[in-house]
Amino acid sequence: MDQALIPLDQPLSPLAPALVGGCLAMAKQLGRPAPAITDPAALTGAEGLELMHEALGHLWPGINHATSA
């Protein structure tokens, strides 16, 4: 993911919590461990990306998020 799309040190944009929640729900459906997040909107971009990479990174092993522009 590009830092311009999901700033790592900023709160998630309005649609991003749905993306994070959807990734975690998909991971659970696939039998993968996924943390229970009570308020995805409270996450920063870095936290959201980390959760998604931990939960579903095995599906797309070649995708890495950029930490600099």
# chains A, B, ... in the order shown; residues from 1 in each chain; ligands from 1
$ residues_around --residues "Pro40 of chain A" --least-positions-apart "4" --cutoff "10 Å" --atoms "only C-alpha atoms" --output "VMD selection string"
chain A and resid 11 to 12 16 to 21 36 44 47 to 48
$ write_last_selection --atoms "N, CA and C atoms" --output "mmCIF file, in the first residue's frame"
data_model
loop_
_atom_site.group_PDB
_atom_site.id
_atom_site.type_symbol
_atom_site.label_atom_id
_atom_site.label_comp_id
_atom_site.auth_asym_id
_atom_site.auth_seq_id
_atom_site.Cartn_x
_atom_site.Cartn_y
_atom_site.Cartn_z
ATOM 1 N N PRO A 11 -5.369 8.821 11.401
ATOM 2 C CA PRO A 11 -6.511 7.915 11.572
ATOM 3 C C PRO A 11 -6.982 7.406 10.210
ATOM 4 N N LEU A 12 -7.647 6.274 10.198
ATOM 5 C CA LEU A 12 -8.145 5.706 8.950
ATOM 6 C C LEU A 12 -9.206 6.607 8.334
ATOM 7 N N ALA A 16 -11.791 3.055 5.083
ATOM 8 C CA ALA A 16 -10.740 2.121 5.491
ATOM 9 C C ALA A 16 -11.140 1.190 6.644
ATOM 10 N N PRO A 17 -11.904 1.644 7.654
ATOM 11 C CA PRO A 17 -12.308 0.690 8.701
ATOM 12 C C PRO A 17 -13.115 -0.483 8.147
ATOM 13 N N ALA A 18 -13.909 -0.234 7.116
ATOM 14 C CA ALA A 18 -14.661 -1.337 6.501
ATOM 15 C C ALA A 18 -13.713 -2.313 5.821
ATOM 16 N N LEU A 19 -12.659 -1.807 5.204
ATOM 17 C CA LEU A 19 -11.666 -2.668 4.560
ATOM 18 C C LEU A 19 -10.948 -3.517 5.606
ATOM 19 N N VAL A 20 -10.525 -2.888 6.697
ATOM 20 C CA VAL A 20 -9.842 -3.633 7.764
ATOM 21 C C VAL A 20 -10.779 -4.680 8.355
ATOM 22 N N GLY A 21 -12.008 -4.264 8.670
ATOM 23 C CA GLY A 21 -12.975 -5.208 9.234
ATOM 24 C C GLY A 21 -13.279 -6.350 8.284
ATOM 25 N N ALA A 36 -9.958 -9.469 17.579
ATOM 26 C CA ALA A 36 -11.261 -8.811 17.639
ATOM 27 C C ALA A 36 -11.016 -7.321 17.840
ATOM 28 N N THR A 44 -4.832 3.712 13.476
ATOM 29 C CA THR A 44 -4.072 4.529 12.526
ATOM 30 C C THR A 44 -3.862 3.709 11.263
ATOM 31 N N GLU A 47 -1.492 0.806 11.920
ATOM 32 C CA GLU A 47 -2.117 -0.287 12.672
ATOM 33 C C GLU A 47 -3.054 -1.101 11.781
ATOM 34 N N GLY A 48 -3.848 -0.415 10.968
ATOM 35 C CA GLY A 48 -4.763 -1.107 10.064
ATOM 36 C C GLY A 48 -4.031 -1.972 9.058
#
$ atom_distance --atom1 "atom CA of Ala34 of chain A" --atom2 "atom CA of Trp60 of chain A"
16.6 Å
$ select_by_dssp --residues "chain A" --states "alpha helix (DSSP H)" --output "JSON list (two decimals) with N, CA, C and O atoms, in the first residue's frame"
[["chain", "number", "residue", "atom", "x", "y", "z"],
["A", 16, "ALA", "N", -11.79, 3.05, 5.08],
["A", 16, "ALA", "CA", -10.74, 2.12, 5.49],
["A", 16, "ALA", "C", -11.14, 1.19, 6.64],
["A", 16, "ALA", "O", -10.76, 0.02, 6.62],
["A", 17, "PRO", "N", -11.90, 1.64, 7.65],
["A", 17, "PRO", "CA", -12.31, 0.69, 8.70],
["A", 17, "PRO", "C", -13.12, -0.48, 8.15],
["A", 17, "PRO", "O", -13.01, -1.60, 8.65],
["A", 18, "ALA", "N", -13.91, -0.23, 7.12],
["A", 18, "ALA", "CA", -14.66, -1.34, 6.50],
["A", 18, "ALA", "C", -13.71, -2.31, 5.82],
["A", 18, "ALA", "O", -13.93, -3.53, 5.86],
["A", 19, "LEU", "N", -12.66, -1.81, 5.20],
["A", 19, "LEU", "CA", -11.67, -2.67, 4.56],
["A", 19, "LEU", "C", -10.95, -3.52, 5.61],
["A", 19, "LEU", "O", -10.80, -4.73, 5.43],
["A", 20, "VAL", "N", -10.52, -2.89, 6.70],
["A", 20, "VAL", "CA", -9.84, -3.63, 7.76],
["A", 20, "VAL", "C", -10.78, -4.68, 8.36],
["A", 20, "VAL", "O", -10.42, -5.85, 8.50],
["A", 21, "GLY", "N", -12.01, -4.26, 8.67],
["A", 21, "GLY", "CA", -12.98, -5.21, 9.23],
["A", 21, "GLY", "C", -13.28, -6.35, 8.28],
["A", 21, "GLY", "O", -13.41, -7.51, 8.71],
["A", 22, "GLY", "N", -13.39, -6.05, 6.99],
["A", 22, "GLY", "CA", -13.64, -7.09, 5.99],
["A", 22, "GLY", "C", -12.49, -8.08, 5.88],
["A", 22, "GLY", "O", -12.70, -9.29, 5.77],
["A", 23, "CYS", "N", -11.27, -7.57, 5.96],
["A", 23, "CYS", "CA", -10.10, -8.45, 5.90],
["A", 23, "CYS", "C", -10.05, -9.37, 7.12],
["A", 23, "CYS", "O", -9.75, -10.56, 7.00],
["A", 24, "LEU", "N", -10.36, -8.82, 8.28],
["A", 24, "LEU", "CA", -10.35, -9.64, 9.49],
["A", 24, "LEU", "C", -11.46, -10.67, 9.46],
["A", 24, "LEU", "O", -11.27, -11.82, 9.87],
["A", 25, "ALA", "N", -12.64, -10.30, 8.95],
["A", 25, "ALA", "CA", -13.74, -11.26, 8.83],
["A", 25, "ALA", "C", -13.38, -12.37, 7.84],
["A", 25, "ALA", "O", -13.68, -13.54, 8.09],
["A", 26, "MET", "N", -12.73, -12.01, 6.74],
["A", 26, "MET", "CA", -12.32, -13.01, 5.75],
["A", 26, "MET", "C", -11.30, -13.98, 6.37],
["A", 26, "MET", "O", -11.37, -15.19, 6.15],
["A", 27, "ALA", "N", -10.37, -13.42, 7.14],
["A", 27, "ALA", "CA", -9.36, -14.27, 7.79],
["A", 27, "ALA", "C", -10.04, -15.27, 8.72],
["A", 27, "ALA", "O", -9.68, -16.45, 8.73],
["A", 28, "LYS", "N", -11.02, -14.81, 9.49],
["A", 28, "LYS", "CA", -11.74, -15.71, 10.40],
["A", 28, "LYS", "C", -12.46, -16.80, 9.61],
["A", 28, "LYS", "O", -12.48, -17.96, 10.03],
["A", 29, "GLN", "N", -13.08, -16.44, 8.49],
["A", 29, "GLN", "CA", -13.77, -17.42, 7.66],
["A", 29, "GLN", "C", -12.81, -18.46, 7.10],
["A", 29, "GLN", "O", -13.19, -19.61, 6.87],
["A", 45, "GLY", "N", -3.38, 4.34, 10.22],
["A", 45, "GLY", "CA", -3.10, 3.64, 8.98],
["A", 45, "GLY", "C", -2.11, 2.51, 9.18],
["A", 45, "GLY", "O", -2.28, 1.41, 8.65],
["A", 46, "ALA", "N", -1.07, 2.76, 9.96],
["A", 46, "ALA", "CA", -0.05, 1.73, 10.21],
["A", 46, "ALA", "C", -0.64, 0.54, 10.94],
["A", 46, "ALA", "O", -0.35, -0.61, 10.60],
["A", 47, "GLU", "N", -1.49, 0.81, 11.92],
["A", 47, "GLU", "CA", -2.12, -0.29, 12.67],
["A", 47, "GLU", "C", -3.05, -1.10, 11.78],
["A", 47, "GLU", "O", -3.06, -2.33, 11.83],
["A", 48, "GLY", "N", -3.85, -0.41, 10.97],
["A", 48, "GLY", "CA", -4.76, -1.11, 10.06],
["A", 48, "GLY", "C", -4.03, -1.97, 9.06],
["A", 48, "GLY", "O", -4.40, -3.12, 8.82],
["A", 49, "LEU", "N", -2.97, -1.42, 8.46],
["A", 49, "LEU", "CA", -2.19, -2.19, 7.49],
["A", 49, "LEU", "C", -1.53, -3.40, 8.14],
["A", 49, "LEU", "O", -1.51, -4.49, 7.57],
["A", 50, "GLU", "N", -1.01, -3.22, 9.34],
["A", 50, "GLU", "CA", -0.36, -4.33, 10.04],
["A", 50, "GLU", "C", -1.36, -5.45, 10.32],
["A", 50, "GLU", "O", -1.05, -6.62, 10.12],
["A", 51, "LEU", "N", -2.56, -5.08, 10.77],
["A", 51, "LEU", "CA", -3.58, -6.10, 11.03],
["A", 51, "LEU", "C", -3.93, -6.86, 9.75],
["A", 51, "LEU", "O", -4.06, -8.08, 9.77],
["A", 52, "MET", "N", -4.09, -6.14, 8.65],
["A", 52, "MET", "CA", -4.45, -6.80, 7.39],
["A", 52, "MET", "C", -3.32, -7.70, 6.91],
["A", 52, "MET", "O", -3.57, -8.81, 6.44],
["A", 53, "HIS", "N", -2.07, -7.23, 7.03],
["A", 53, "HIS", "CA", -0.94, -8.05, 6.60],
["A", 53, "HIS", "C", -0.80, -9.31, 7.46],
["A", 53, "HIS", "O", -0.49, -10.38, 6.95],
["A", 54, "GLU", "N", -1.01, -9.17, 8.77],
["A", 54, "GLU", "CA", -0.92, -10.34, 9.65],
["A", 54, "GLU", "C", -2.04, -11.34, 9.37],
["A", 54, "GLU", "O", -1.81, -12.54, 9.36],
["A", 55, "ALA", "N", -3.24, -10.83, 9.11],
["A", 55, "ALA", "CA", -4.39, -11.71, 8.92],
["A", 55, "ALA", "C", -4.41, -12.38, 7.55],
["A", 55, "ALA", "O", -4.73, -13.56, 7.43],
["A", 56, "LEU", "N", -4.06, -11.64, 6.50],
["A", 56, "LEU", "CA", -4.21, -12.17, 5.14],
["A", 56, "LEU", "C", -2.96, -12.08, 4.29],
["A", 56, "LEU", "O", -3.01, -12.31, 3.09]]
$ atom_distance --atom1 "atom CA of Arg32 of chain A" --atom2 "atom CA of Pro61 of chain A"
15.2 Å
$ decode --residues "segment 20-49 of chain A" --atoms "N, CA and C atoms" --output "short mmCIF file (atom, residue, chain, number, x, y, z; two decimals), in the first residue's frame"
data_model
loop_
_atom_site.label_atom_id
_atom_site.label_comp_id
_atom_site.auth_asym_id
_atom_site.auth_seq_id
_atom_site.Cartn_x
_atom_site.Cartn_y
_atom_site.Cartn_z
N VAL A 20 -10.52 -2.89 6.70
CA VAL A 20 -9.84 -3.63 7.76
C VAL A 20 -10.78 -4.68 8.36
N GLY A 21 -12.01 -4.26 8.67
CA GLY A 21 -12.98 -5.21 9.23
C GLY A 21 -13.28 -6.35 8.28
N GLY A 22 -13.39 -6.05 6.99
CA GLY A 22 -13.64 -7.09 5.99
C GLY A 22 -12.49 -8.08 5.88
N CYS A 23 -11.27 -7.57 5.96
CA CYS A 23 -10.10 -8.45 5.90
C CYS A 23 -10.05 -9.37 7.12
N LEU A 24 -10.36 -8.82 8.28
CA LEU A 24 -10.35 -9.64 9.49
C LEU A 24 -11.46 -10.67 9.46
N ALA A 25 -12.64 -10.30 8.95
CA ALA A 25 -13.74 -11.26 8.83
C ALA A 25 -13.38 -12.37 7.84
N MET A 26 -12.73 -12.01 6.74
CA MET A 26 -12.32 -13.01 5.75
C MET A 26 -11.30 -13.98 6.37
N ALA A 27 -10.37 -13.42 7.14
CA ALA A 27 -9.36 -14.27 7.79
C ALA A 27 -10.04 -15.27 8.72
N LYS A 28 -11.02 -14.81 9.49
CA LYS A 28 -11.74 -15.71 10.40
C LYS A 28 -12.46 -16.80 9.61
N GLN A 29 -13.08 -16.44 8.49
CA GLN A 29 -13.77 -17.42 7.66
C GLN A 29 -12.81 -18.46 7.10
N LEU A 30 -11.57 -18.04 6.87
CA LEU A 30 -10.55 -18.96 6.34
C LEU A 30 -9.85 -19.75 7.45
N GLY A 31 -10.30 -19.54 8.69
CA GLY A 31 -9.72 -20.27 9.80
C GLY A 31 -8.41 -19.69 10.31
N ARG A 32 -8.11 -18.48 9.92
CA ARG A 32 -6.88 -17.83 10.36
C ARG A 32 -7.13 -17.07 11.65
N PRO A 33 -6.12 -16.92 12.49
CA PRO A 33 -6.31 -16.11 13.70
C PRO A 33 -6.46 -14.64 13.31
N ALA A 34 -7.42 -13.99 13.91
CA ALA A 34 -7.64 -12.56 13.66
C ALA A 34 -8.10 -11.92 14.95
N PRO A 35 -7.50 -10.80 15.30
CA PRO A 35 -7.90 -10.15 16.55
C PRO A 35 -9.30 -9.56 16.45
N ALA A 36 -9.96 -9.47 17.58
CA ALA A 36 -11.26 -8.81 17.64
C ALA A 36 -11.02 -7.32 17.84
N ILE A 37 -11.44 -6.53 16.90
CA ILE A 37 -11.27 -5.08 16.97
C ILE A 37 -12.63 -4.47 17.27
N THR A 38 -12.74 -3.76 18.38
CA THR A 38 -14.03 -3.18 18.76
C THR A 38 -14.31 -1.88 18.02
N ASP A 39 -13.27 -1.12 17.68
CA ASP A 39 -13.47 0.16 16.99
C ASP A 39 -12.41 0.35 15.91
N PRO A 40 -12.63 -0.20 14.70
CA PRO A 40 -11.64 -0.06 13.64
C PRO A 40 -11.36 1.40 13.26
N ALA A 41 -12.31 2.29 13.46
CA ALA A 41 -12.11 3.70 13.12
C ALA A 41 -11.07 4.36 14.02
N ALA A 42 -10.76 3.76 15.17
CA ALA A 42 -9.77 4.33 16.08
C ALA A 42 -8.34 3.96 15.69
N LEU A 43 -8.17 3.08 14.71
CA LEU A 43 -6.84 2.65 14.29
C LEU A 43 -6.16 3.70 13.43
N THR A 44 -4.83 3.71 13.48
CA THR A 44 -4.07 4.53 12.53
C THR A 44 -3.86 3.71 11.26
N GLY A 45 -3.38 4.34 10.22
CA GLY A 45 -3.10 3.64 8.98
C GLY A 45 -2.11 2.51 9.18
N ALA A 46 -1.07 2.76 9.96
CA ALA A 46 -0.05 1.73 10.21
C ALA A 46 -0.64 0.54 10.94
N GLU A 47 -1.49 0.81 11.92
CA GLU A 47 -2.12 -0.29 12.67
C GLU A 47 -3.05 -1.10 11.78
N GLY A 48 -3.85 -0.41 10.97
CA GLY A 48 -4.76 -1.11 10.06
C GLY A 48 -4.03 -1.97 9.06
N LEU A 49 -2.97 -1.42 8.46
CA LEU A 49 -2.19 -2.19 7.49
C LEU A 49 -1.53 -3.40 8.14
#
